[in-house]
Amino acid sequence: MKIGFTLKPKDGNIEDFEKQIEYLEKIGAGSAEIPLYELDVVCGKKIIKDELKLLNKFTLKSNLKFSIHGSMSVNLLDEDYLEEHLQVLEKEIQVCSDLNIKILVTHFGHTSVATSQNQKKYNDLINIQKQKYFEMAEIAKVHGVKLCIENIFPYTDLHFTALPSEVSESIREINHPNARTTIDFSHAYINCNLRKKDLIPEIETMIPYTEHLHVHDSFGKFKTMYTYIFAEDITYGQGDIHLPLGWGDIPFDKIFSSGAFNKDIFFNFELSQRYKKYYSQNVEQAKKLISLVK
């Protein structure tokens with residue numbers, strides 16, 4: 001697996017990537033995820049060539065393998081702004097192609113709790129999303145890009161999104177080689193706890209379709225209590241807090257020893273710069289987890 005980390009620009013500054021990439025190479029990482037959602041490469045649904053050129057400069061001179069995380073706001077269950085989301089997703093596919101990057105991570109859709117309780121309405125939205133993912137996968141195929149659709153969790157108690165098993169069911173039904181998945185373990189943990197489902201069987205349904213992993217620890221607790229700052233969510237152990245391995249209680253050993261992961265995929269840590277001092281340690285922990293894979 002290509003072990004790596006999500007790059008973290010300050011105020012969208014692509015030049016910050018140069019030293020971060022050098023550091024990742026120094027500690028023995030093999031990959032990096034580019035957070036396109038934090039950059040100005042796409043502006044007004046147009047590609048800014050100067051920003052793209054600058055990004056290309058740093059990727060070309062590195063030996064790392066790169067993936068791209070597209071806009072988190074892309075939501076193909078959003079009927080009001082569906083065409084806007086599709087236009088952005090198509091531009092992000094183009095950016096991947098221009099940079100010769102083969103993986104674009106995009107989020108599975110989310111909707112309101114009220115909509116999810118109207119079964120016919122919700123099924124209609126899911127069917128539209130599947131149709132549009134197929135169309136986007138066809139475009140991605142032309143560009144040599146794979147969409148790796150990520151399981152998410154409800155961001156508030158007014159939101160609803162699919163369990164990992166429901167994501168994998170959609171991907172199976174889309175049945176396109178360029179529509180694959182990204183497993184986010186913390187997202188899965190939170191959503192499974194909310195829906196009272198067992199984590200490991202849910203994750204195992206996604207594994208056959210997975211080509212990208214988002215790895216970070218948490219306690220699987222949906223955030224319900226107000227805190228003054230994000231660091232206090234860490235203190236209380238609530239929410240999607242992106243911790244180094246071993247700080248939370250996700251059973252990674254059990255997951256990797258029971259799951260038949262493809263070993264030629266991205267093992268990407270989504271850790272902030274506050275945990276940079278633990279990056280090297282997490283690379284070694286990743287190698288141990290990978291050694292457990294059947």
# chains A, B, ... in the order shown; residues from 1 in each chain; ligands from 1
call {"tool": "residues_around", "arguments": {"residues": "stretch 33-38 of chain A", "least_positions_apart": "3", "cutoff": "8 Å", "atoms": "only C-alpha atoms", "output": "count of residues only"}}
result
17
call {"tool": "residues_around", "arguments": {"residues": "stretch 231-241 of chain A", "least_positions_apart": "3", "cutoff": "8 Å", "atoms": "only C-alpha atoms", "output": "PyMOL selection string"}}
result
chain A and resi 186-187+190+217-224+227-228+248
call {"tool": "closest_residue", "arguments": {"among": "A:Val293, A:Val95, A:Leu64, A:Leu76", "to": "A:Ile48", "atoms": "only C-alpha atoms"}}
result
A:Val95
call {"tool": "atom_distance", "arguments": {"atom1": "atom CA of A:Lys120", "atom2": "atom CA of A:Ser165"}}
result
19.5 Å
call {"tool": "select_by_dssp", "arguments": {"residues": "stretch 17-210 of chain A", "states": "helix (DSSP H, G or I)", "output": "MDAnalysis selection string"}}
result
chainID A and resid 17:26 36:38 49:60 82:98 113:116 119:142 164:174 185:195 199:209
call {"tool": "residues_around", "arguments": {"residues": "A:Glu15", "least_positions_apart": "2", "cutoff": "9 Å", "atoms": "only C-alpha atoms", "output": "list in words"}}
result
Pro9, Gly12, Asn13, Phe17, Glu18, Lys19, Leu54, Leu55 and Phe58 of chain A
call {"tool": "write_last_selection", "arguments": {"atoms": "C-alpha atoms", "output": "PDB file, in the first residue's frame"}}
result
ATOM      1  CA  PRO A   9      -1.757  24.356   2.938  1.00  0.00           C
ATOM      2  CA  GLY A  12      -4.725  27.734   0.253  1.00  0.00           C
ATOM      3  CA  ASN A  13      -1.048  28.415  -0.476  1.00  0.00           C
ATOM      4  CA  PHE A  17       3.418  21.798  -0.285  1.00  0.00           C
ATOM      5  CA  GLU A  18       7.093  21.902  -1.253  1.00  0.00           C
ATOM      6  CA  LYS A  19       8.494  21.426   2.253  1.00  0.00           C
ATOM      7  CA  LEU A  54       2.237  25.732  -9.662  1.00  0.00           C
ATOM      8  CA  LEU A  55       0.685  22.542  -8.299  1.00  0.00           C
ATOM      9  CA  PHE A  58       5.615  20.283  -7.039  1.00  0.00           C
TER      10      PHE A  58
END
call {"tool": "select_by_dssp", "arguments": {"residues": "stretch 6-185 of chain A", "states": "strand (DSSP E)", "output": "PyMOL selection string"}}
result
chain A and resi 6+31-35+42-43+46-47+65-69+103-107+110-112+146-150+159-161+179-184
call {"tool": "write_last_selection", "arguments": {"atoms": "C-alpha atoms", "output": "CSV table (one decimal), in the first residue's frame"}}
result
chain,number,residue,atom,x,y,z
A,6,THR,CA,-3.0,14.6,3.3
A,31,SER,CA,2.1,9.0,-1.2
A,32,ALA,CA,0.3,12.2,-0.5
A,33,GLU,CA,-3.3,13.4,-0.9
A,34,ILE,CA,-3.8,16.9,-2.4
A,35,PRO,CA,-6.8,18.7,-0.8
A,42,VAL,CA,-10.9,25.7,-9.5
A,43,CYS,CA,-12.5,29.1,-9.3
A,46,LYS,CA,-13.1,27.2,-14.1
A,47,ILE,CA,-9.5,26.0,-13.8
A,65,LYS,CA,2.3,8.9,-5.7
A,66,PHE,CA,-0.6,11.4,-5.5
A,67,SER,CA,-4.3,11.3,-5.1
A,68,ILE,CA,-6.7,14.3,-5.0
A,69,HIS,CA,-9.5,14.9,-2.6
A,103,ILE,CA,-7.5,8.9,-8.0
A,104,LEU,CA,-10.2,11.5,-7.2
A,105,VAL,CA,-11.9,11.2,-3.8
A,106,THR,CA,-15.4,12.5,-3.7
A,107,HIS,CA,-18.1,12.2,-1.0
A,110,HIS,CA,-26.2,13.4,2.1
A,111,THR,CA,-29.7,14.7,2.7
A,112,SER,CA,-32.0,15.8,5.5
A,146,LYS,CA,-11.1,6.7,-10.9
A,147,LEU,CA,-13.8,8.2,-8.7
A,148,CYS,CA,-13.2,6.9,-5.1
A,149,ILE,CA,-16.5,7.6,-3.4
A,150,GLU,CA,-16.1,8.1,0.3
A,159,HIS,CA,-28.5,15.3,8.3
A,160,PHE,CA,-28.7,11.7,7.0
A,161,THR,CA,-26.2,9.7,4.9
A,179,ALA,CA,-16.6,4.2,-9.8
A,180,ARG,CA,-14.8,2.8,-6.7
A,181,THR,CA,-14.7,3.7,-3.0
A,182,THR,CA,-12.7,5.3,-0.3
A,183,ILE,CA,-13.2,3.9,3.2
A,184,ASP,CA,-13.1,6.5,6.0
call {"tool": "closest_residue", "arguments": {"among": "A:Ser257, A:Asn75, A:Ser272, A:Asn151", "to": "A:Ser291", "atoms": "only C-alpha atoms"}}
result
A:Ser257
call {"tool": "residues_around", "arguments": {"residues": "A:Leu82", "least_positions_apart": "6", "cutoff": "12 Å", "atoms": "only C-alpha atoms", "output": "ChimeraX atom specification"}}
result
/A:73-76,88-89,109,125,128-129,132-133
call {"tool": "atom_distance", "arguments": {"atom1": "atom CA of A:Ala114", "atom2": "atom CA of A:His85"}}
result
21.8 Å
call {"tool": "residues_around", "arguments": {"residues": "A:Ile93", "least_positions_apart": "2", "cutoff": "8 Å", "atoms": "only C-alpha atoms", "output": "list of chain:residue names"}}
result
A:Leu89, A:Glu90, A:Lys91, A:Val95, A:Cys96, A:Ser97, A:Leu104, A:Ile139, A:Ala140, A:His143, A:Val145
call {"tool": "closest_residue", "arguments": {"among": "A:Ile255, A:Met1, A:Leu194, A:Leu243", "to": "A:Leu163", "atoms": "only C-alpha atoms"}}
result
A:Leu194
call {"tool": "closest_residue", "arguments": {"among": "A:Pro244, A:Gly259, A:Gly30, A:Pro164", "to": "A:Lys276", "atoms": "only C-alpha atoms"}}
result
A:Pro244
call {"tool": "decode", "arguments": {"residues": "stretch 110-159 of chain A", "atoms": "N, CA and C atoms", "output": "PDB file, in the first residue's frame"}}
result
ATOM      1  N   HIS A 110     -25.456  13.352   0.883  1.00  0.00           N
ATOM      2  CA  HIS A 110     -26.207  13.399   2.140  1.00  0.00           C
ATOM      3  C   HIS A 110     -27.469  14.221   1.916  1.00  0.00           C
ATOM      4  N   THR A 111     -28.446  14.004   2.763  1.00  0.00           N
ATOM      5  CA  THR A 111     -29.707  14.720   2.659  1.00  0.00           C
ATOM      6  C   THR A 111     -30.229  14.991   4.063  1.00  0.00           C
ATOM      7  N   SER A 112     -31.456  15.493   4.141  1.00  0.00           N
ATOM      8  CA  SER A 112     -32.032  15.778   5.451  1.00  0.00           C
ATOM      9  C   SER A 112     -32.628  14.517   6.055  1.00  0.00           C
ATOM     10  N   VAL A 113     -32.751  14.502   7.370  1.00  0.00           N
ATOM     11  CA  VAL A 113     -33.412  13.390   8.049  1.00  0.00           C
ATOM     12  C   VAL A 113     -34.847  13.271   7.548  1.00  0.00           C
ATOM     13  N   ALA A 114     -35.517  14.404   7.373  1.00  0.00           N
ATOM     14  CA  ALA A 114     -36.909  14.387   6.920  1.00  0.00           C
ATOM     15  C   ALA A 114     -37.033  13.716   5.551  1.00  0.00           C
ATOM     16  N   THR A 115     -36.117  14.024   4.635  1.00  0.00           N
ATOM     17  CA  THR A 115     -36.148  13.401   3.306  1.00  0.00           C
ATOM     18  C   THR A 115     -35.879  11.905   3.408  1.00  0.00           C
ATOM     19  N   SER A 116     -34.936  11.518   4.266  1.00  0.00           N
ATOM     20  CA  SER A 116     -34.597  10.095   4.400  1.00  0.00           C
ATOM     21  C   SER A 116     -35.777   9.274   4.917  1.00  0.00           C
ATOM     22  N   GLN A 117     -36.690   9.917   5.634  1.00  0.00           N
ATOM     23  CA  GLN A 117     -37.848   9.204   6.199  1.00  0.00           C
ATOM     24  C   GLN A 117     -38.986   9.032   5.192  1.00  0.00           C
ATOM     25  N   ASN A 118     -38.865   9.736   4.059  1.00  0.00           N
ATOM     26  CA  ASN A 118     -39.799   9.550   2.949  1.00  0.00           C
ATOM     27  C   ASN A 118     -39.136   8.555   1.984  1.00  0.00           C
ATOM     28  N   GLN A 119     -39.459   7.274   2.126  1.00  0.00           N
ATOM     29  CA  GLN A 119     -38.713   6.224   1.437  1.00  0.00           C
ATOM     30  C   GLN A 119     -38.707   6.391  -0.074  1.00  0.00           C
ATOM     31  N   LYS A 120     -39.848   6.734  -0.645  1.00  0.00           N
ATOM     32  CA  LYS A 120     -39.896   6.909  -2.098  1.00  0.00           C
ATOM     33  C   LYS A 120     -39.013   8.069  -2.535  1.00  0.00           C
ATOM     34  N   LYS A 121     -39.110   9.196  -1.848  1.00  0.00           N
ATOM     35  CA  LYS A 121     -38.293  10.360  -2.180  1.00  0.00           C
ATOM     36  C   LYS A 121     -36.809  10.044  -2.062  1.00  0.00           C
ATOM     37  N   TYR A 122     -36.446   9.386  -0.966  1.00  0.00           N
ATOM     38  CA  TYR A 122     -35.030   9.058  -0.749  1.00  0.00           C
ATOM     39  C   TYR A 122     -34.525   8.095  -1.825  1.00  0.00           C
ATOM     40  N   ASN A 123     -35.297   7.075  -2.144  1.00  0.00           N
ATOM     41  CA  ASN A 123     -34.886   6.115  -3.181  1.00  0.00           C
ATOM     42  C   ASN A 123     -34.744   6.794  -4.537  1.00  0.00           C
ATOM     43  N   ASP A 124     -35.638   7.736  -4.823  1.00  0.00           N
ATOM     44  CA  ASP A 124     -35.539   8.479  -6.085  1.00  0.00           C
ATOM     45  C   ASP A 124     -34.226   9.255  -6.145  1.00  0.00           C
ATOM     46  N   LEU A 125     -33.853   9.890  -5.035  1.00  0.00           N
ATOM     47  CA  LEU A 125     -32.596  10.650  -4.993  1.00  0.00           C
ATOM     48  C   LEU A 125     -31.389   9.729  -5.135  1.00  0.00           C
ATOM     49  N   ILE A 126     -31.425   8.573  -4.476  1.00  0.00           N
ATOM     50  CA  ILE A 126     -30.331   7.605  -4.587  1.00  0.00           C
ATOM     51  C   ILE A 126     -30.198   7.129  -6.033  1.00  0.00           C
ATOM     52  N   ASN A 127     -31.307   6.879  -6.696  1.00  0.00           N
ATOM     53  CA  ASN A 127     -31.265   6.427  -8.092  1.00  0.00           C
ATOM     54  C   ASN A 127     -30.704   7.502  -9.018  1.00  0.00           C
ATOM     55  N   ILE A 128     -31.054   8.758  -8.765  1.00  0.00           N
ATOM     56  CA  ILE A 128     -30.475   9.857  -9.547  1.00  0.00           C
ATOM     57  C   ILE A 128     -28.971   9.925  -9.305  1.00  0.00           C
ATOM     58  N   GLN A 129     -28.568   9.798  -8.033  1.00  0.00           N
ATOM     59  CA  GLN A 129     -27.135   9.833  -7.718  1.00  0.00           C
ATOM     60  C   GLN A 129     -26.393   8.712  -8.439  1.00  0.00           C
ATOM     61  N   LYS A 130     -26.938   7.509  -8.449  1.00  0.00           N
ATOM     62  CA  LYS A 130     -26.288   6.392  -9.138  1.00  0.00           C
ATOM     63  C   LYS A 130     -26.145   6.668 -10.634  1.00  0.00           C
ATOM     64  N   GLN A 131     -27.187   7.213 -11.226  1.00  0.00           N
ATOM     65  CA  GLN A 131     -27.134   7.543 -12.653  1.00  0.00           C
ATOM     66  C   GLN A 131     -26.041   8.581 -12.920  1.00  0.00           C
ATOM     67  N   LYS A 132     -25.975   9.605 -12.073  1.00  0.00           N
ATOM     68  CA  LYS A 132     -24.996  10.673 -12.286  1.00  0.00           C
ATOM     69  C   LYS A 132     -23.575  10.192 -12.002  1.00  0.00           C
ATOM     70  N   TYR A 133     -23.413   9.325 -10.988  1.00  0.00           N
ATOM     71  CA  TYR A 133     -22.082   8.758 -10.749  1.00  0.00           C
ATOM     72  C   TYR A 133     -21.628   7.939 -11.954  1.00  0.00           C
ATOM     73  N   PHE A 134     -22.543   7.200 -12.564  1.00  0.00           N
ATOM     74  CA  PHE A 134     -22.181   6.426 -13.757  1.00  0.00           C
ATOM     75  C   PHE A 134     -21.731   7.370 -14.877  1.00  0.00           C
ATOM     76  N   GLU A 135     -22.476   8.444 -15.084  1.00  0.00           N
ATOM     77  CA  GLU A 135     -22.108   9.406 -16.126  1.00  0.00           C
ATOM     78  C   GLU A 135     -20.760  10.055 -15.831  1.00  0.00           C
ATOM     79  N   MET A 136     -20.517  10.395 -14.569  1.00  0.00           N
ATOM     80  CA  MET A 136     -19.238  10.978 -14.194  1.00  0.00           C
ATOM     81  C   MET A 136     -18.101   9.962 -14.317  1.00  0.00           C
ATOM     82  N   ALA A 137     -18.402   8.696 -14.009  1.00  0.00           N
ATOM     83  CA  ALA A 137     -17.396   7.636 -14.155  1.00  0.00           C
ATOM     84  C   ALA A 137     -17.024   7.444 -15.621  1.00  0.00           C
ATOM     85  N   GLU A 138     -17.992   7.613 -16.515  1.00  0.00           N
ATOM     86  CA  GLU A 138     -17.700   7.532 -17.949  1.00  0.00           C
ATOM     87  C   GLU A 138     -16.751   8.651 -18.359  1.00  0.00           C
ATOM     88  N   ILE A 139     -16.994   9.855 -17.860  1.00  0.00           N
ATOM     89  CA  ILE A 139     -16.091  10.977 -18.136  1.00  0.00           C
ATOM     90  C   ILE A 139     -14.716  10.709 -17.531  1.00  0.00           C
ATOM     91  N   ALA A 140     -14.707  10.221 -16.290  1.00  0.00           N
ATOM     92  CA  ALA A 140     -13.441   9.921 -15.619  1.00  0.00           C
ATOM     93  C   ALA A 140     -12.649   8.864 -16.392  1.00  0.00           C
ATOM     94  N   LYS A 141     -13.335   7.881 -16.924  1.00  0.00           N
ATOM     95  CA  LYS A 141     -12.665   6.812 -17.685  1.00  0.00           C
ATOM     96  C   LYS A 141     -11.912   7.379 -18.877  1.00  0.00           C
ATOM     97  N   VAL A 142     -12.529   8.310 -19.577  1.00  0.00           N
ATOM     98  CA  VAL A 142     -11.884   8.950 -20.727  1.00  0.00           C
ATOM     99  C   VAL A 142     -10.584   9.630 -20.308  1.00  0.00           C
ATOM    100  N   HIS A 143     -10.584  10.169 -19.076  1.00  0.00           N
ATOM    101  CA  HIS A 143      -9.420  10.900 -18.569  1.00  0.00           C
ATOM    102  C   HIS A 143      -8.455  10.022 -17.768  1.00  0.00           C
ATOM    103  N   GLY A 144      -8.731   8.724 -17.685  1.00  0.00           N
ATOM    104  CA  GLY A 144      -7.846   7.840 -16.925  1.00  0.00           C
ATOM    105  C   GLY A 144      -7.899   8.062 -15.434  1.00  0.00           C
ATOM    106  N   VAL A 145      -9.068   8.469 -14.934  1.00  0.00           N
ATOM    107  CA  VAL A 145      -9.243   8.794 -13.513  1.00  0.00           C
ATOM    108  C   VAL A 145     -10.301   7.871 -12.911  1.00  0.00           C
ATOM    109  N   LYS A 146     -10.104   7.495 -11.648  1.00  0.00           N
ATOM    110  CA  LYS A 146     -11.121   6.732 -10.924  1.00  0.00           C
ATOM    111  C   LYS A 146     -11.729   7.595  -9.825  1.00  0.00           C
ATOM    112  N   LEU A 147     -13.058   7.600  -9.771  1.00  0.00           N
ATOM    113  CA  LEU A 147     -13.755   8.244  -8.657  1.00  0.00           C
ATOM    114  C   LEU A 147     -13.750   7.278  -7.481  1.00  0.00           C
ATOM    115  N   CYS A 148     -13.207   7.705  -6.359  1.00  0.00           N
ATOM    116  CA  CYS A 148     -13.217   6.880  -5.144  1.00  0.00           C
ATOM    117  C   CYS A 148     -14.186   7.532  -4.166  1.00  0.00           C
ATOM    118  N   ILE A 149     -15.396   6.993  -4.130  1.00  0.00           N
ATOM    119  CA  ILE A 149     -16.508   7.617  -3.419  1.00  0.00           C
ATOM    120  C   ILE A 149     -16.437   7.243  -1.943  1.00  0.00           C
ATOM    121  N   GLU A 150     -16.383   8.269  -1.107  1.00  0.00           N
ATOM    122  CA  GLU A 150     -16.097   8.103   0.324  1.00  0.00           C
ATOM    123  C   GLU A 150     -17.373   8.055   1.155  1.00  0.00           C
ATOM    124  N   ASN A 151     -17.429   7.082   2.073  1.00  0.00           N
ATOM    125  CA  ASN A 151     -18.515   7.068   3.060  1.00  0.00           C
ATOM    126  C   ASN A 151     -18.338   8.228   4.030  1.00  0.00           C
ATOM    127  N   ILE A 152     -19.430   8.882   4.371  1.00  0.00           N
ATOM    128  CA  ILE A 152     -19.353  10.006   5.310  1.00  0.00           C
ATOM    129  C   ILE A 152     -20.264   9.730   6.505  1.00  0.00           C
ATOM    130  N   PHE A 153     -20.514  10.732   7.321  1.00  0.00           N
ATOM    131  CA  PHE A 153     -21.405  10.584   8.473  1.00  0.00           C
ATOM    132  C   PHE A 153     -22.278  11.829   8.544  1.00  0.00           C
ATOM    133  N   PRO A 154     -23.394  11.795   9.255  1.00  0.00           N
ATOM    134  CA  PRO A 154     -24.238  12.993   9.339  1.00  0.00           C
ATOM    135  C   PRO A 154     -23.507  14.107  10.087  1.00  0.00           C
ATOM    136  N   TYR A 155     -23.389  15.245   9.449  1.00  0.00           N
ATOM    137  CA  TYR A 155     -22.629  16.336  10.055  1.00  0.00           C
ATOM    138  C   TYR A 155     -23.375  16.993  11.216  1.00  0.00           C
ATOM    139  N   THR A 156     -24.703  16.923  11.175  1.00  0.00           N
ATOM    140  CA  THR A 156     -25.529  17.436  12.279  1.00  0.00           C
ATOM    141  C   THR A 156     -26.670  16.454  12.493  1.00  0.00           C
ATOM    142  N   ASP A 157     -27.447  16.694  13.532  1.00  0.00           N
ATOM    143  CA  ASP A 157     -28.572  15.796  13.788  1.00  0.00           C
ATOM    144  C   ASP A 157     -29.733  16.027  12.825  1.00  0.00           C
ATOM    145  N   LEU A 158     -29.574  16.969  11.901  1.00  0.00           N
ATOM    146  CA  LEU A 158     -30.572  17.193  10.851  1.00  0.00           C
ATOM    147  C   LEU A 158     -30.204  16.500   9.550  1.00  0.00           C
ATOM    148  N   HIS A 159     -28.987  15.927   9.490  1.00  0.00           N
ATOM    149  CA  HIS A 159     -28.495  15.289   8.275  1.00  0.00           C
ATOM    150  C   HIS A 159     -28.647  13.775   8.330  1.00  0.00           C
TER     151      HIS A 159
END
